[in-house]
Each structure stands twice: as C-alpha cells, then as structure tokens.
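entry-v4.csv follows; it contains CSV, C-alpha atoms.
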chain,number,residue,atom,x,y,z
A,1,MET,CA,-33.3,-5.7,24.4
A,2,THR,CA,-32.0,-7.9,27.2
A,3,ASP,CA,-34.3,-8.0,30.2
A,4,PRO,CA,-32.1,-7.1,33.1
A,5,GLY,CA,-33.9,-9.5,35.3
A,6,ARG,CA,-33.7,-12.3,32.7
A,7,SER,CA,-32.4,-15.7,33.7
A,8,LEU,CA,-31.1,-18.4,31.4
A,9,PRO,CA,-33.0,-21.7,31.0
A,10,CYS,CA,-30.6,-23.1,33.7
A,11,GLY,CA,-31.8,-20.4,36.1
A,12,THR,CA,-28.7,-18.3,36.2
A,13,PRO,CA,-29.4,-14.6,36.1
A,14,VAL,CA,-27.7,-12.9,33.1
A,15,SER,CA,-26.6,-10.1,35.4
A,16,ALA,CA,-24.5,-12.5,37.4
A,17,LEU,CA,-22.6,-13.4,34.3
A,18,MET,CA,-22.3,-9.8,33.3
A,19,GLU,CA,-20.7,-9.0,36.6
A,20,SER,CA,-18.3,-11.8,36.2
A,21,VAL,CA,-17.3,-10.5,32.7
A,22,ALA,CA,-17.0,-6.9,33.7
A,23,ASP,CA,-15.7,-7.1,37.3
A,24,GLY,CA,-13.9,-10.4,37.1
A,25,THR,CA,-15.9,-12.0,39.9
A,26,PRO,CA,-15.5,-15.8,40.0
A,27,LEU,CA,-18.2,-17.9,38.3
A,28,SER,CA,-20.1,-20.4,40.2
A,29,VAL,CA,-19.2,-24.1,39.8
A,30,HIS,CA,-22.5,-24.5,37.8
A,31,SER,CA,-21.7,-21.7,35.4
A,32,GLU,CA,-18.2,-23.1,34.8
A,33,GLN,CA,-19.7,-26.2,33.3
A,34,CYS,CA,-23.2,-25.1,32.0
A,35,PRO,CA,-23.5,-24.7,28.2
A,36,TYR,CA,-26.1,-22.0,28.5
A,37,CYS,CA,-23.9,-20.0,30.9
A,38,GLN,CA,-20.8,-20.6,28.7
A,39,SER,CA,-22.5,-19.5,25.5
A,40,THR,CA,-23.8,-16.3,27.2
A,41,MET,CA,-20.4,-15.6,28.7
A,42,GLU,CA,-18.8,-15.8,25.3
A,43,SER,CA,-21.2,-13.4,23.8
A,44,LEU,CA,-21.0,-10.9,26.7
A,45,THR,CA,-17.2,-11.2,26.7
A,46,ARG,CA,-17.0,-10.3,23.0
A,47,SER,CA,-19.1,-7.2,23.6
A,48,TRP,CA,-17.4,-6.2,26.7
A,49,ALA,CA,-14.0,-6.3,25.0
A,50,SER,CA,-15.0,-3.3,22.9
A,51,ILE,CA,-15.9,-1.4,26.1
A,52,ARG,CA,-12.7,-2.3,27.8
A,53,SER,CA,-10.7,-1.3,24.7
A,54,ALA,CA,-12.6,2.1,24.5
A,55,ALA,CA,-12.1,2.7,28.3
A,56,ALA,CA,-8.4,2.0,28.0
A,57,GLU,CA,-7.9,4.7,25.3
A,58,PRO,CA,-6.5,8.0,26.7
A,59,THR,CA,-8.7,11.1,26.3
A,60,PRO,CA,-6.5,14.0,25.4
A,61,VAL,CA,-7.5,17.2,27.0
A,62,PRO,CA,-7.7,20.1,24.6
A,63,PRO,CA,-4.6,22.2,25.4
A,64,GLN,CA,-6.5,25.4,25.9
A,65,LEU,CA,-9.1,24.0,28.2
A,66,VAL,CA,-7.3,24.5,31.6
A,67,PRO,CA,-6.2,28.1,30.7
A,68,ARG,CA,-9.8,28.8,29.6
A,69,VAL,CA,-11.2,27.5,32.9
A,70,LEU,CA,-8.8,29.6,34.9
A,71,SER,CA,-9.5,32.6,32.8
A,72,ARG,CA,-13.2,32.2,33.3
A,73,ILE,CA,-12.8,31.8,37.1
A,74,ASN,CA,-10.7,34.9,37.2
A,75,ALA,CA,-13.3,36.7,35.2
A,76,GLU,CA,-16.0,35.5,37.6
A,77,ARG,CA,-13.8,36.7,40.5
A,78,ARG,CA,-13.5,40.1,38.9
A,79,ALA,CA,-17.1,40.3,37.8
A,80,GLY,CA,-18.2,39.4,41.3
A,81,SER,CA,-16.5,42.4,42.8
A,82,GLY,CA,-18.2,45.0,40.6
A,83,ARG,CA,-21.7,46.3,40.5
A,84,MET,CA,-24.0,48.6,38.5
A,85,GLU,CA,-26.1,51.3,40.1
A,86,LEU,CA,-29.2,52.7,38.6
A,87,VAL,CA,-30.3,55.9,40.4
A,88,GLY,CA,-34.1,56.6,40.3
A,89,GLU,CA,-36.5,59.0,41.9
A,90,ARG,CA,-37.3,56.5,44.6
A,91,GLY,CA,-33.8,55.4,45.4
A,92,THR,CA,-30.8,53.5,44.0
A,93,LEU,CA,-30.9,50.0,42.5
A,94,ARG,CA,-27.7,48.1,42.7
A,95,ILE,CA,-27.1,45.2,40.5
A,96,GLY,CA,-24.1,42.9,41.0
A,97,ALA,CA,-21.8,42.8,38.0
A,98,ARG,CA,-22.2,39.0,38.1
A,99,VAL,CA,-25.9,39.4,37.3
A,100,VAL,CA,-25.1,41.7,34.3
A,101,VAL,CA,-22.5,39.3,33.0
A,102,GLY,CA,-24.8,36.3,33.6
A,103,VAL,CA,-27.6,37.9,31.6
A,104,ALA,CA,-25.2,38.9,28.8
A,105,ARG,CA,-23.7,35.4,28.7
A,106,ALA,CA,-27.1,33.7,28.5
A,107,ALA,CA,-28.2,36.1,25.8
A,108,ALA,CA,-25.1,35.6,23.7
A,109,ALA,CA,-25.3,31.8,24.1
A,110,THR,CA,-28.7,31.7,22.4
A,111,VAL,CA,-27.2,33.0,19.1
A,112,PRO,CA,-26.5,30.1,16.7
A,113,GLY,CA,-22.8,29.3,16.3
A,114,VAL,CA,-21.8,31.2,19.4
A,115,GLN,CA,-20.2,29.8,22.5
A,116,VAL,CA,-19.3,32.2,25.3
A,117,ARG,CA,-15.8,31.7,26.8
A,118,THR,CA,-15.7,34.5,29.4
A,119,GLY,CA,-17.6,37.6,30.4
A,120,THR,CA,-16.4,40.5,32.5
A,121,PHE,CA,-17.9,43.7,33.6
A,122,GLU,CA,-15.6,46.4,34.9
A,123,GLY,CA,-16.2,50.1,35.1
A,124,THR,CA,-18.7,50.8,32.5
A,125,ARG,CA,-17.7,48.1,30.0
A,126,LEU,CA,-19.0,44.6,29.5
A,127,THR,CA,-16.6,42.4,27.7
A,128,LEU,CA,-17.6,39.0,26.1
A,129,ASP,CA,-15.0,36.6,24.8
A,130,LEU,CA,-16.7,34.3,22.2
A,131,ALA,CA,-15.9,31.2,20.2
A,132,LEU,CA,-17.6,31.0,16.8
A,133,HIS,CA,-18.6,27.9,15.0
A,134,HIS,CA,-16.4,27.3,12.0
A,135,GLY,CA,-18.2,28.6,8.9
A,136,SER,CA,-20.2,31.3,10.8
A,137,ALA,CA,-20.2,34.7,9.1
A,138,LEU,CA,-18.2,36.7,11.6
A,139,ALA,CA,-19.7,40.1,11.0
A,140,ASP,CA,-23.2,38.8,10.9
A,141,THR,CA,-22.8,36.7,14.1
A,142,GLU,CA,-21.2,39.6,16.0
A,143,LEU,CA,-24.0,41.9,15.0
A,144,ARG,CA,-26.7,39.4,16.1
A,145,THR,CA,-24.9,38.7,19.3
A,146,ARG,CA,-24.6,42.4,20.1
A,147,ARG,CA,-28.3,43.0,19.3
A,148,LYS,CA,-29.4,40.0,21.5
A,149,VAL,CA,-27.2,41.0,24.4
A,150,ASP,CA,-28.3,44.7,24.1
A,151,GLU,CA,-32.0,43.6,23.9
A,152,ASP,CA,-31.9,41.3,27.0
A,153,LEU,CA,-29.9,43.7,29.1
A,154,ARG,CA,-32.2,46.6,28.2
A,155,GLN,CA,-35.2,44.5,29.0
A,156,MET,CA,-33.7,43.5,32.4
A,157,LEU,CA,-32.3,46.9,33.4
A,158,GLY,CA,-34.9,49.2,31.8
A,159,THR,CA,-32.2,51.6,30.8
A,160,PRO,CA,-29.4,51.7,28.2
A,161,PRO,CA,-27.0,48.8,28.8
A,162,PRO,CA,-23.3,49.3,29.4
A,163,ILE,CA,-20.8,49.4,26.5
A,164,VAL,CA,-20.4,45.9,25.2
A,165,ASP,CA,-17.0,44.8,23.8
A,166,ILE,CA,-17.0,41.6,21.9
A,167,ARG,CA,-13.8,39.6,21.2
A,168,ILE,CA,-13.7,36.5,19.1
A,169,VAL,CA,-11.1,34.4,20.8
A,170,ASP,CA,-11.7,30.9,19.3
A,171,VAL,CA,-13.3,28.8,16.6
A,172,TRP,CA,-15.0,25.4,17.2
B,173,MET,CA,9.0,19.2,45.8
B,174,GLU,CA,6.0,18.6,48.1
B,175,ILE,CA,2.9,17.3,46.4
B,176,SER,CA,-0.2,18.7,48.0
B,177,THR,CA,-3.2,16.5,48.7
B,178,ASP,CA,-6.6,17.4,47.4
B,179,ALA,CA,-7.7,18.1,50.9
B,180,THR,CA,-4.8,20.5,51.5
B,181,LEU,CA,-5.5,22.3,48.2
B,182,ILE,CA,-9.2,22.6,48.8
B,183,ASP,CA,-8.6,24.0,52.3
B,184,ALA,CA,-6.2,26.6,50.8
B,185,ALA,CA,-8.6,27.4,48.0
B,186,ILE,CA,-11.5,27.9,50.5
B,187,GLY,CA,-9.1,30.3,52.3
B,188,GLY,CA,-8.8,32.3,49.0
B,189,ASP,CA,-5.5,30.8,47.7
B,190,GLU,CA,-5.9,31.2,43.9
B,191,ARG,CA,-2.9,29.0,43.1
B,192,ALA,CA,-4.3,26.2,45.2
B,193,PHE,CA,-7.6,26.4,43.2
B,194,ALA,CA,-5.6,26.4,39.9
B,195,ALA,CA,-3.7,23.3,41.1
B,196,LEU,CA,-7.0,21.5,41.6
B,197,VAL,CA,-8.1,22.5,38.2
B,198,GLN,CA,-4.9,21.2,36.6
B,199,ARG,CA,-5.1,18.0,38.5
B,200,HIS,CA,-8.7,17.1,38.0
B,201,THR,CA,-9.6,18.5,34.6
B,202,PRO,CA,-8.4,15.5,32.6
B,203,LYS,CA,-10.8,13.1,34.6
B,204,ILE,CA,-13.7,15.6,34.5
B,205,TYR,CA,-13.2,16.1,30.8
B,206,ARG,CA,-13.2,12.4,30.2
B,207,VAL,CA,-16.4,11.9,32.1
B,208,ALA,CA,-18.0,14.9,30.3
B,209,LEU,CA,-17.0,13.7,26.9
B,210,HIS,CA,-18.4,10.2,27.4
B,211,LEU,CA,-21.6,11.6,28.9
B,212,LEU,CA,-22.2,14.3,26.3
B,213,GLY,CA,-20.6,12.7,23.2
B,214,SER,CA,-19.2,15.9,21.8
B,215,ARG,CA,-15.9,17.6,22.5
B,216,SER,CA,-17.3,21.2,22.4
B,217,ASP,CA,-20.1,20.2,24.8
B,218,ALA,CA,-17.6,18.5,27.1
B,219,GLU,CA,-15.4,21.6,27.1
B,220,ASP,CA,-18.4,23.8,28.1
B,221,CYS,CA,-19.4,21.3,30.7
B,222,VAL,CA,-15.9,21.3,32.3
B,223,GLN,CA,-16.0,25.1,32.4
B,224,GLU,CA,-19.4,25.1,34.0
B,225,CYS,CA,-18.4,22.4,36.4
B,226,TRP,CA,-15.4,24.4,37.7
B,227,LEU,CA,-17.4,27.6,38.0
B,228,THR,CA,-19.9,25.7,40.1
B,229,VAL,CA,-17.0,24.3,42.2
B,230,TRP,CA,-15.6,27.7,42.7
B,231,ARG,CA,-19.0,29.2,43.7
B,232,GLN,CA,-19.7,26.3,46.1
B,233,LEU,CA,-16.2,26.0,47.6
B,234,HIS,CA,-17.5,27.3,51.0
B,235,ARG,CA,-20.1,24.5,51.0
B,236,TYR,CA,-17.5,21.7,50.8
B,237,ARG,CA,-17.6,20.0,54.2
B,238,GLY,CA,-15.1,17.2,53.7
B,239,ASP,CA,-17.7,14.4,54.2
B,240,ALA,CA,-16.9,13.1,50.7
B,241,ALA,CA,-13.5,12.8,49.0
B,242,VAL,CA,-12.7,15.8,46.9
B,243,GLY,CA,-12.7,13.6,43.8
B,244,THR,CA,-16.1,12.3,44.6
B,245,TRP,CA,-17.5,15.8,45.2
B,246,LEU,CA,-16.0,16.9,41.9
B,247,TYR,CA,-17.4,14.0,39.9
B,248,ARG,CA,-20.8,14.6,41.5
B,249,ILE,CA,-20.8,18.2,40.2
B,250,ALA,CA,-19.4,17.2,36.8
B,251,ALA,CA,-22.1,14.5,36.3
B,252,ASN,CA,-24.9,16.8,37.4
B,253,THR,CA,-23.6,19.6,35.2
B,254,ALA,CA,-23.4,17.2,32.2
B,255,LEU,CA,-26.9,15.8,32.9
B,256,MET,CA,-28.3,19.3,33.2
B,257,GLN,CA,-26.7,20.2,29.9
B,258,ILE,CA,-28.3,17.1,28.3
B,259,ARG,CA,-31.7,18.1,29.5
B,260,ARG,CA,-31.3,21.7,28.3
B,261,ARG,CA,-30.3,20.7,24.8
B,262,ARG,CA,-33.3,18.4,24.3
B,263,PRO,CA,-35.2,17.9,22.1
B,264,THR,CA,-32.5,17.7,19.5
B,265,VAL,CA,-32.5,14.6,17.3
B,266,ALA,CA,-34.6,11.6,17.8
B,267,LEU,CA,-32.6,8.4,18.3
B,268,ASP,CA,-33.8,6.8,15.1
B,269,GLU,CA,-32.7,9.8,13.2
B,270,LEU,CA,-29.1,9.2,14.4
B,271,GLY,CA,-28.8,6.3,12.1
B,272,ASP,CA,-26.7,3.2,12.5
B,273,ILE,CA,-23.9,3.3,15.1
B,274,GLY,CA,-21.4,2.2,12.5
B,275,GLU,CA,-22.3,5.0,10.1
B,276,ILE,CA,-22.0,7.5,12.9
B,277,ALA,CA,-18.7,6.1,13.9
B,278,ASP,CA,-17.5,6.4,10.3
B,279,ARG,CA,-18.5,10.0,10.2
B,280,SER,CA,-17.1,10.8,13.6
B,281,ALA,CA,-13.7,9.3,12.9
B,282,HIS,CA,-12.9,12.3,10.7
B,283,ALA,CA,-13.9,14.7,13.4
B,284,ASP,CA,-12.2,12.8,16.2
B,285,PRO,CA,-8.8,11.6,15.0
B,286,ASP,CA,-7.6,10.8,18.5
B,287,ARG,CA,-9.9,7.9,19.0
B,288,SER,CA,-10.1,4.4,17.4
B,289,MET,CA,-13.2,3.3,15.5
B,290,THR,CA,-14.0,1.1,18.5
B,291,GLY,CA,-13.7,4.0,20.9
B,292,ILE,CA,-16.0,6.1,18.7
B,293,MET,CA,-18.5,3.3,18.3
B,294,VAL,CA,-18.7,2.8,22.1
B,295,ARG,CA,-19.1,6.5,22.7
B,296,GLN,CA,-21.9,6.6,20.2
B,297,ALA,CA,-23.5,3.5,21.7
B,298,LEU,CA,-23.4,5.3,25.1
B,299,GLN,CA,-25.5,8.1,23.6
B,300,ARG,CA,-28.3,5.6,23.0
B,301,LEU,CA,-28.7,4.8,26.6
B,302,SER,CA,-30.8,6.6,29.2
B,303,ASP,CA,-29.1,9.4,31.1
B,304,GLU,CA,-29.1,7.3,34.3
B,305,HIS,CA,-27.5,4.3,32.6
B,306,ARG,CA,-25.0,6.4,30.8
B,307,ALA,CA,-23.9,8.2,33.9
B,308,VAL,CA,-23.4,5.1,36.0
B,309,LEU,CA,-21.5,3.4,33.2
B,310,VAL,CA,-19.2,6.3,32.4
B,311,LEU,CA,-18.4,6.8,36.1
B,312,ARG,CA,-17.6,3.2,36.6
B,313,GLU,CA,-16.0,2.0,33.4
B,314,PHE,CA,-14.4,5.3,32.2
B,315,ALA,CA,-13.6,7.1,35.4
B,316,GLY,CA,-12.9,3.9,37.4
B,317,LEU,CA,-15.1,4.7,40.5
B,318,SER,CA,-15.6,2.0,43.1
B,319,TYR,CA,-19.1,0.9,44.0
B,320,ASP,CA,-18.9,3.0,47.2
B,321,GLU,CA,-17.9,6.1,45.1
B,322,LEU,CA,-20.6,5.4,42.6
B,323,GLY,CA,-23.2,5.5,45.3
B,324,ALA,CA,-21.8,8.7,46.8
B,325,THR,CA,-21.5,10.4,43.5
B,326,LEU,CA,-25.0,9.5,42.2
B,327,GLY,CA,-26.7,9.9,45.6
B,328,LEU,CA,-27.6,6.2,45.7
B,329,SER,CA,-27.1,3.4,48.2
B,330,VAL,CA,-24.4,1.0,47.1
B,331,PRO,CA,-26.8,-1.8,46.3
B,332,ALA,CA,-28.9,0.6,44.2
B,333,ALA,CA,-25.8,1.8,42.4
B,334,ARG,CA,-24.8,-1.7,41.8
B,335,SER,CA,-28.2,-2.7,40.5
B,336,ARG,CA,-28.3,0.3,38.2
B,337,LEU,CA,-24.9,-0.5,36.9
B,338,HIS,CA,-25.9,-4.1,36.1
B,339,ARG,CA,-28.9,-2.9,34.0
B,340,ALA,CA,-26.8,-0.3,32.3
B,341,ARG,CA,-24.1,-2.8,31.3
B,342,LEU,CA,-26.6,-5.2,29.8
B,343,ALA,CA,-28.3,-2.3,27.9
B,344,LEU,CA,-24.9,-1.2,26.5
B,345,THR,CA,-23.9,-4.7,25.4
B,346,ASP,CA,-27.3,-5.0,23.7
B,347,VAL,CA,-26.7,-1.8,21.7
B,348,LEU,CA,-23.2,-3.1,20.7
B,349,GLN,CA,-24.5,-6.5,19.8
B,350,GLU,CA,-27.0,-4.9,17.4
B,351,ARG,CA,-24.0,-3.7,15.6
B,352,GLN,CA,-21.9,-6.9,15.7

What do you get writing this file as structure tokens?
Amino acid sequence: MTDPGRSLPCGTPVSALMESVADGTPLSVHSEQCPYCQSTMESLTRSWASIRSAAAEPTPVPPQLVPRVLSRINAERRAGSGRMELVGERGTLRIGARVVVGVARAAAATVPGVQVRTGTFEGTRLTLDLALHHGSALADTELRTRRKVDEDLRQMLGTPPPIVDIRIVDVW
Amino acid sequence: MEISTDATLIDAAIGGDERAFAALVQRHTPKIYRVALHLLGSRSDAEDCVQECWLTVWRQLHRYRGDAAVGTWLYRIAANTALMQIRRRRPTVALDELGDIGEIADRSAHADPDRSMTGIMVRQALQRLSDEHRAVLVLREFAGLSYDELGATLGLSVPAARSRLHRARLALTDVLQERQ
C-alpha cells in the first residue's frame, strides 16, 4: 500500500501529485518535467478517472424513501404524544409511548429478515410496519417477530404488553 | 413561486411547521442517500440510514443554532448515523472473505442495475477503506463538500481534514490499482 508520506526519488511527495490529479491544483515546474513525477501522475490519473466517473453517476433515490421518512416522522410525532400508565400499589408508572415503540422496534429489528419501517402506539394498540427480506417465510417471521416484541416488552414493563398489530408493508 | 432557503425552512420547522420539515426532507434526501449509499455499500442499509438520520434531525431540531449551514449540519448527522450503523453491524465478513473487487462488482451488477461496472467497483473499493478514510472521501468526492465544509462536518480543522483526505485518496487508488 502506498505510504501516504512517501516521496518519489526526486523528492516530490506523492500526496502533492495526488492533489493535483484530484483537485486540479497546478504542478510545480519541476514536476512538469520530471520523469518520476510524470510516470506517477499517469498512474494516479488512470485510477482517479474511475473515481471521477463513479462520482459523476447519478444515484437514483428509491421512490418510496421520502414518503417512508415522512411517515416515520409522523409516527414518531404521534407516538411521542401518547403514554402508557401502569398503576401499582405504590403509585403510577407512566411510560412515554416513544419508549414502548422504541423497545418494540429494537426487538423486531433483531429478527432475521426484518426491517422496521414505522412503529406507532395509540390507545392500547402498538402497530409495527415491517419490510421482509425477499424469500422470508411470512408466517414464520411474523410469529417470531411477535414473540420477540412480546418478550422484550413484557421484560421491560413487567406486565402484559399492549396489543401488537403487525403489518407487512414492503419487501427488500 | 417563492423558493424557501434552508434557513427559512428550518426556522419554520423548529416552530412546528410540518410542511417546512417535509420540504427539507424532499430537498436533502437525495444527497443524504448518496452519502449513505457510498458509506454503507448497500441500498437497504442506506435507506435505513436515511430514515434514522431524519429522525435524529427531527429530534434535534431545537438544538440547531445556525452556526453551521443546514447542509453541513445534515451531512454531519448523516455521516455519524452511517458510521454508527457500520460499527453496530460488525463483525460481519472479514475483508479477505469479500473476495476480489471485480468478482464482487460482477455479482453486484445484477443487484444494482442503475450503476455502471466502474461505479460498482469504486463503491466496493470504498468498502475496503477504514471508516475515517471512506467518510472523508465520500463527503468530498461524492457529495462535493469543500475543505471548509469537510472540516466542519467531520469535526476537524481544515488542515487535518485535508491531510486525512490525502491519505484516503492514496489508499483508494491503491485498492483500485490492485484491480487494474
């Protein structure tokens, strides 16, 4: 691998030539004429052409990405306004809906083949929108997700978790 | 029709204007996705990263003080989100298990029809660099940040950002030259 501090036999640092290739900074008079510098410039220019070409390619945004982001923000906004109350002998424990959704999302995301798109908690129902990996067995994955979410929420809340609705909204 | 600036939109979003926030998402998602895709190397990971990034932005709106341009602030959050995602997913596959870049590019071409073979090869080569090198390269070469913006985004002085970029460029050309 090229030592970033490496200099050519003529004393020119390779990084100076790299900057010239990548940023178009002018070469020194020496480098314009030096065979070591010229040879290295040719090699760096060849490699950098691939990077320029890759950087010039457009990167199409998946069409559903922006709506998905906005839907998730809306879900977060709604989830943030709710809360869950557990009444015990010594008083009431209030848990923000965002916490419940966060635990459920994290739990669901550990199931292989599952990506969580959105999560909301309104009233007594927790809703998770999921994307499944292509080829996943839907019924089996749904069951494993439900179990994992239930288990983690139960462990955190110490009481039966809310009703969990699972919707499969996408495939990846 | 009046085109709102980022600063106007973010002020409105901080004030609770949902449409202003949606306009920011529309405007900046393409660039954030591009950065995420080149940092993470996978479209599904990049989509997750973009969503996480915007959630973070939404939660931290009230912390935006205007001392950095909105774009720089967003790139900083996007780069941090992607780098956290990379750390979380490790250990996955050792580099030598990834195989030859060309083979990977051949395989990826089927899964990524929007990109040329060169584009795929460069993206895969980026995955062979350290996180630090990949981040500085992607932000400079694929997002077009200036040296000042690079420093602000990565939390480095401009000379430090410049020096890291020099090392990263040489590392990337080395990886590509192995293939050529």

Counting all atoms listed in the file, which residues from chain B have an atom at most 8 Å from any atom of chain A, and could you show them as a PyMOL selection string? chain B and resi 194+197-198+201-202+205-206+216+219+222-223+226-227+230+286-288+290-292+294+313-314+338-339+341-343+345-346+348-349

Please identify all polymer residues within 9 Å of region 124-136 of chain A, counting all atoms listed in the file, omitting same-chain residues fewer than 2 positions from it, and present them as a PyMOL selection string. chain A and resi 84+100-101+104-105+108+112-122+138-141+162-172

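Take CA of Leu309 (chain B) and CA of Ser329 (chain B): the distance between them is 16.0 Å.
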
For Gln155 (chain A), the nearest of the candidates A:Ala109, A:Val103, A:Met41, A:Arg90, counting all atoms listed in the file: A:Val103

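Relative to CA of Gly327 (chain B), CA of Thr177 (chain B) is found at 24.6 Å.
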
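Of the residues listed (B:Tyr247, B:Val242, B:Ile258, B:Val347), B:Val347 shows the shortest atom-to-atom separation from Met293 (chain B); distances use only C-alpha atoms.
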
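For the pair CA of Ala106 (chain A) and CA of Ala208 (chain B), the separation is 21.0 Å.
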
At a cut-off of 12 Å around the point (-16.4, 4.3, 50.3) (file coordinates), what residues fall inside when counting all atoms listed in the file? I'd like the answer as JSON, numbers by chain. {"B": [239, 240, 241, 243, 244, 317, 318, 319, 320, 321, 322, 323, 324, 325, 329, 330]}

Please identify all polymer residues within 8 Å of Leu8 (chain A), counting only C-alpha atoms, omitting same-chain residues fewer than 3 positions from it, and present them as a PyMOL selection string. chain A and resi 11-14+36-37

Please provide as a ChimeraX atom specification all residues within 8 Å of region 186-192 of chain B, with the sequence filter that same-chain residues fewer than 5 positions apart are discarded (counting only C-alpha atoms). /B:181,233-234

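In this comparison, which uses all atoms listed in the file, the residue of B:Ala185, B:Met256, B:Ala332, B:Leu212 approaching Gln232 (chain B) most closely is B:Ala185.
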
Using all atoms of region 211-227 of chain B listed in the file and a margin of 4 Å per side, can you give the axis-aligned box centre and edge lengths in Å to one decimal, as lines of an AutoDock Vina configuration file?
center_x = -18.8
center_y = 19.6
center_z = 29.9
size_x = 14.8
size_y = 24.0
size_z = 24.2

Nearby residues (only C-alpha atoms) at most 9 Å from Ala307 (chain B), same-chain spacing under 6 positions excluded, as a PyMOL selection string: chain B and resi 207+210-211+251+255+326

With N, CA, C and O atoms retained, output region 39-55 of chain A as a CSV table (one decimal), in the first residue's frame.
chain,number,residue,atom,x,y,z
A,39,SER,N,5.5,9.9,-14.5
A,39,SER,CA,5.1,8.5,-14.5
A,39,SER,C,4.0,8.3,-13.4
A,39,SER,O,3.0,7.6,-13.6
A,40,THR,N,4.3,8.9,-12.3
A,40,THR,CA,3.4,8.7,-11.1
A,40,THR,C,2.0,9.4,-11.4
A,40,THR,O,1.0,8.9,-11.2
A,41,MET,N,2.1,10.6,-12.1
A,41,MET,CA,0.9,11.3,-12.4
A,41,MET,C,0.0,10.5,-13.4
A,41,MET,O,-1.2,10.4,-13.2
A,42,GLU,N,0.7,9.8,-14.3
A,42,GLU,CA,-0.1,9.0,-15.3
A,42,GLU,C,-0.8,7.9,-14.6
A,42,GLU,O,-2.0,7.6,-14.8
A,43,SER,N,-0.1,7.2,-13.7
A,43,SER,CA,-0.7,6.1,-12.9
A,43,SER,C,-1.9,6.6,-12.0
A,43,SER,O,-3.0,6.0,-12.0
A,44,LEU,N,-1.7,7.7,-11.3
A,44,LEU,CA,-2.7,8.3,-10.5
A,44,LEU,C,-3.9,8.7,-11.3
A,44,LEU,O,-5.1,8.6,-10.9
A,45,THR,N,-3.6,9.3,-12.4
A,45,THR,CA,-4.7,9.9,-13.3
A,45,THR,C,-5.6,8.7,-13.8
A,45,THR,O,-6.8,8.9,-13.8
A,46,ARG,N,-4.9,7.6,-14.1
A,46,ARG,CA,-5.7,6.4,-14.6
A,46,ARG,C,-6.7,6.0,-13.5
A,46,ARG,O,-7.9,5.8,-13.7
A,47,SER,N,-6.2,5.8,-12.3
A,47,SER,CA,-7.0,5.3,-11.2
A,47,SER,C,-8.1,6.4,-10.9
A,47,SER,O,-9.2,6.0,-10.6
A,48,TRP,N,-7.7,7.6,-10.9
A,48,TRP,CA,-8.7,8.7,-10.5
A,48,TRP,C,-9.8,8.8,-11.5
A,48,TRP,O,-10.9,9.2,-11.1
A,49,ALA,N,-9.5,8.4,-12.7
A,49,ALA,CA,-10.6,8.5,-13.7
A,49,ALA,C,-11.8,7.7,-13.4
A,49,ALA,O,-12.9,8.0,-13.6
A,50,SER,N,-11.5,6.5,-12.8
A,50,SER,CA,-12.6,5.6,-12.3
A,50,SER,C,-13.4,6.3,-11.3
A,50,SER,O,-14.7,6.2,-11.2
A,51,ILE,N,-12.7,6.9,-10.3
A,51,ILE,CA,-13.4,7.6,-9.2
A,51,ILE,C,-14.3,8.8,-9.7
A,51,ILE,O,-15.4,8.9,-9.4
A,52,ARG,N,-13.7,9.5,-10.6
A,52,ARG,CA,-14.5,10.7,-11.2
A,52,ARG,C,-15.7,10.1,-12.0
A,52,ARG,O,-16.8,10.7,-11.8
A,53,SER,N,-15.5,9.1,-12.7
A,53,SER,CA,-16.6,8.5,-13.5
A,53,SER,C,-17.7,8.0,-12.5
A,53,SER,O,-18.9,8.2,-12.7
A,54,ALA,N,-17.3,7.3,-11.4
A,54,ALA,CA,-18.3,6.8,-10.5
A,54,ALA,C,-19.0,8.0,-9.8
A,54,ALA,O,-20.2,8.0,-9.6
A,55,ALA,N,-18.2,9.0,-9.5
A,55,ALA,CA,-18.8,10.2,-8.8
A,55,ALA,C,-19.8,11.0,-9.7
A,55,ALA,O,-20.7,11.6,-9.2
